[in-house]
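Let me begin by presenting the structure, written as structure tokens, before commenting on it.
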Amino acid sequence: MELGGAEVIMKVMTKVGVGDDILNPALWTVRNLVHNNMGNKGIVGGLGGVESLIKVIGKTFQGKKFPLVESALTTLVNLVVDHEKNCRRLLKEGLEVLIEVAEAYENVPEEDLSGGGGKETYVEGIKNNAALATSLLQMVGPYNFLVCSNCGMKQASGGNCASCGRAISFAVDMT
Ligand SMILES: [Zn+2]
């Protein structure tokens with residue numbers, strides 16, 4: 001596929017109000033495009049593919065569309081696996097969303113389970129999503145350190161700086 005085609009798909013994915021029937025094939029196209037293809041991983045990453053997928057994951061997860069979340073997560077796996085720059089992009093943009101999805105299985109709200117027939121499908125959907133999000137978090141693990149914007153100290157987690165005590169945001173070292 002040519003660069004232009006990938007660019008169009010990226011726009012489709014993040015378009016407001018895009019239908020699921022369009023979103024799903026778009027995700028599959030990207031998924032196939034970057035599968036075991038370092039060149040395409042770089043191109044799609046450069047076009048903002050990681051950020052686009054994170055947006056899709058956040059939105060579909062919010063809407064409890066777990067099969068679509070799964071499509072987007074597997075696409076993201078293909079995009080970042082063995083690709084350091086895309087891993088760093090994911091770390092910078094996607095940590096919050098991935099943690100939310102990964103932890104959701106532990107915290108399924110009671111009211112979501114009381115709906116009757118769909119319960120098992122629902123739990124299964126969340127479980128698969130959580131497993132994929134966890135794998136992604138493990139993939140970016142080696143690049144996972146933050147830099148304090150105040151004193152510049154590198155550290156493994158957010159919260160307060162271990163050196164100067166100032167609150168640090170998720171500022172990731174992109175070097
Ligand atoms: Zn500091």
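As shown in the structure tokens, the chain order sets the letters A, B, ...; within each chain, residues go from 1, and ligands are also counted from 1 in the order they appear.
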
List every residue of stretch 28-68 of chain A that DSSP, applied to the backbone of this structure, assigns to helix (DSSP H, G or I), and report them as a CSV table (one decimal) with C-alpha atoms, in the first residue's frame.
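Wrote it out as states-v8.csv, contents follow:
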```csv
chain,number,residue,atom,x,y,z
A,28,TRP,CA,-7.9,-4.6,10.1
A,29,THR,CA,-6.2,-2.9,7.1
A,30,VAL,CA,-3.7,-1.1,9.3
A,31,ARG,CA,-3.2,-4.3,11.3
A,32,ASN,CA,-2.2,-6.2,8.1
A,33,LEU,CA,-0.2,-3.3,6.8
A,34,VAL,CA,2.2,-3.2,9.7
A,38,MET,CA,9.3,-2.5,9.8
A,39,GLY,CA,9.0,0.0,6.9
A,40,ASN,CA,5.3,0.2,7.3
A,41,LYS,CA,5.5,0.4,11.1
A,42,GLY,CA,7.7,3.5,10.7
A,43,ILE,CA,5.4,5.1,8.1
A,44,VAL,CA,2.2,4.5,10.1
A,45,GLY,CA,3.9,5.6,13.3
A,46,GLY,CA,5.1,8.7,11.6
A,49,GLY,CA,-0.9,5.9,14.0
A,50,VAL,CA,-0.1,5.2,17.6
A,51,GLU,CA,-1.9,8.3,18.8
A,52,SER,CA,-4.8,7.6,16.5
A,53,LEU,CA,-5.2,4.0,17.8
A,54,ILE,CA,-5.0,5.2,21.4
A,55,LYS,CA,-7.9,7.6,20.7
A,56,VAL,CA,-9.9,4.8,19.1
A,57,ILE,CA,-9.2,2.5,22.1
A,58,GLY,CA,-10.2,5.2,24.6
A,59,LYS,CA,-13.4,6.0,22.7
A,60,THR,CA,-14.5,2.4,22.0
A,61,PHE,CA,-13.7,1.3,25.5
A,62,GLN,CA,-15.8,4.2,26.9
A,66,PHE,CA,-15.1,-4.5,23.4
A,67,PRO,CA,-14.7,-6.3,20.0
A,68,LEU,CA,-13.6,-3.0,18.5
```

Go through chain A and flag each residue having an atom no more than 10 Å from ligand 1; for those, report the closest pair of atoms plus their distance in Å to one decimal, using only C-alpha atoms and all ligand atoms, ordered by chain and rising number, as a tab-separated table.
```
residue	atom	partner	partner_atom_place_in_ligand_line	distance
A:Val147	CA	ligand 1	1 (Zn)	7.9
A:Cys148	CA	ligand 1	1 (Zn)	4.6
A:Ser149	CA	ligand 1	1 (Zn)	6.7
A:Asn150	CA	ligand 1	1 (Zn)	5.0
A:Cys151	CA	ligand 1	1 (Zn)	4.0
A:Gly152	CA	ligand 1	1 (Zn)	5.9
A:Met153	CA	ligand 1	1 (Zn)	5.5
A:Lys154	CA	ligand 1	1 (Zn)	8.4
A:Gln155	CA	ligand 1	1 (Zn)	9.3
A:Asn160	CA	ligand 1	1 (Zn)	7.8
A:Cys161	CA	ligand 1	1 (Zn)	4.6
A:Ala162	CA	ligand 1	1 (Zn)	6.6
A:Ser163	CA	ligand 1	1 (Zn)	5.1
A:Cys164	CA	ligand 1	1 (Zn)	4.1
A:Gly165	CA	ligand 1	1 (Zn)	6.0
A:Arg166	CA	ligand 1	1 (Zn)	5.7
A:Ala167	CA	ligand 1	1 (Zn)	8.0
A:Ile168	CA	ligand 1	1 (Zn)	7.5
```

*Nearby residues (only C-alpha atoms) at most 12 Å from A:Ala104, same-chain spacing under 3 positions excluded, as a PyMOL selection string*: chain A and resi 61-62+64+66+97-101+107-109+112+122-131+133-134

Could you turn the residues from that selection into a file that holds C-alpha atoms, as a CSV table (one decimal), in the first residue's frame?
```csv
chain,number,residue,atom,x,y,z
A,61,PHE,CA,-13.7,1.3,25.5
A,62,GLN,CA,-15.8,4.2,26.9
A,64,LYS,CA,-18.1,-0.6,25.9
A,66,PHE,CA,-15.1,-4.5,23.4
A,97,VAL,CA,-5.6,4.5,28.5
A,98,LEU,CA,-3.8,1.2,28.6
A,99,ILE,CA,-3.7,1.1,32.4
A,100,GLU,CA,-7.4,1.9,32.5
A,101,VAL,CA,-8.1,-1.0,30.1
A,107,ASN,CA,-12.9,-3.5,38.7
A,108,VAL,CA,-16.0,-4.5,36.7
A,109,PRO,CA,-18.9,-2.4,38.1
A,112,ASP,CA,-22.5,-3.8,34.4
A,122,TYR,CA,-19.2,-8.8,28.6
A,123,VAL,CA,-16.7,-10.2,31.1
A,124,GLU,CA,-15.0,-12.2,28.3
A,125,GLY,CA,-14.6,-9.0,26.3
A,126,ILE,CA,-13.1,-7.1,29.2
A,127,LYS,CA,-10.8,-10.0,30.0
A,128,ASN,CA,-9.4,-10.2,26.5
A,129,ASN,CA,-9.0,-6.4,26.3
A,130,ALA,CA,-7.2,-6.4,29.7
A,131,ALA,CA,-4.8,-9.1,28.6
A,133,ALA,CA,-3.4,-3.9,27.2
A,134,THR,CA,-1.2,-5.7,29.7
```

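All residues within chain A that the backbone DSSP calculation assigns to strand (DSSP E or B) are A:Leu146, A:Val147, A:Lys154, A:Gln155, A:Gly159, A:Asn160, A:Ala167, A:Ile168, A:Val172.
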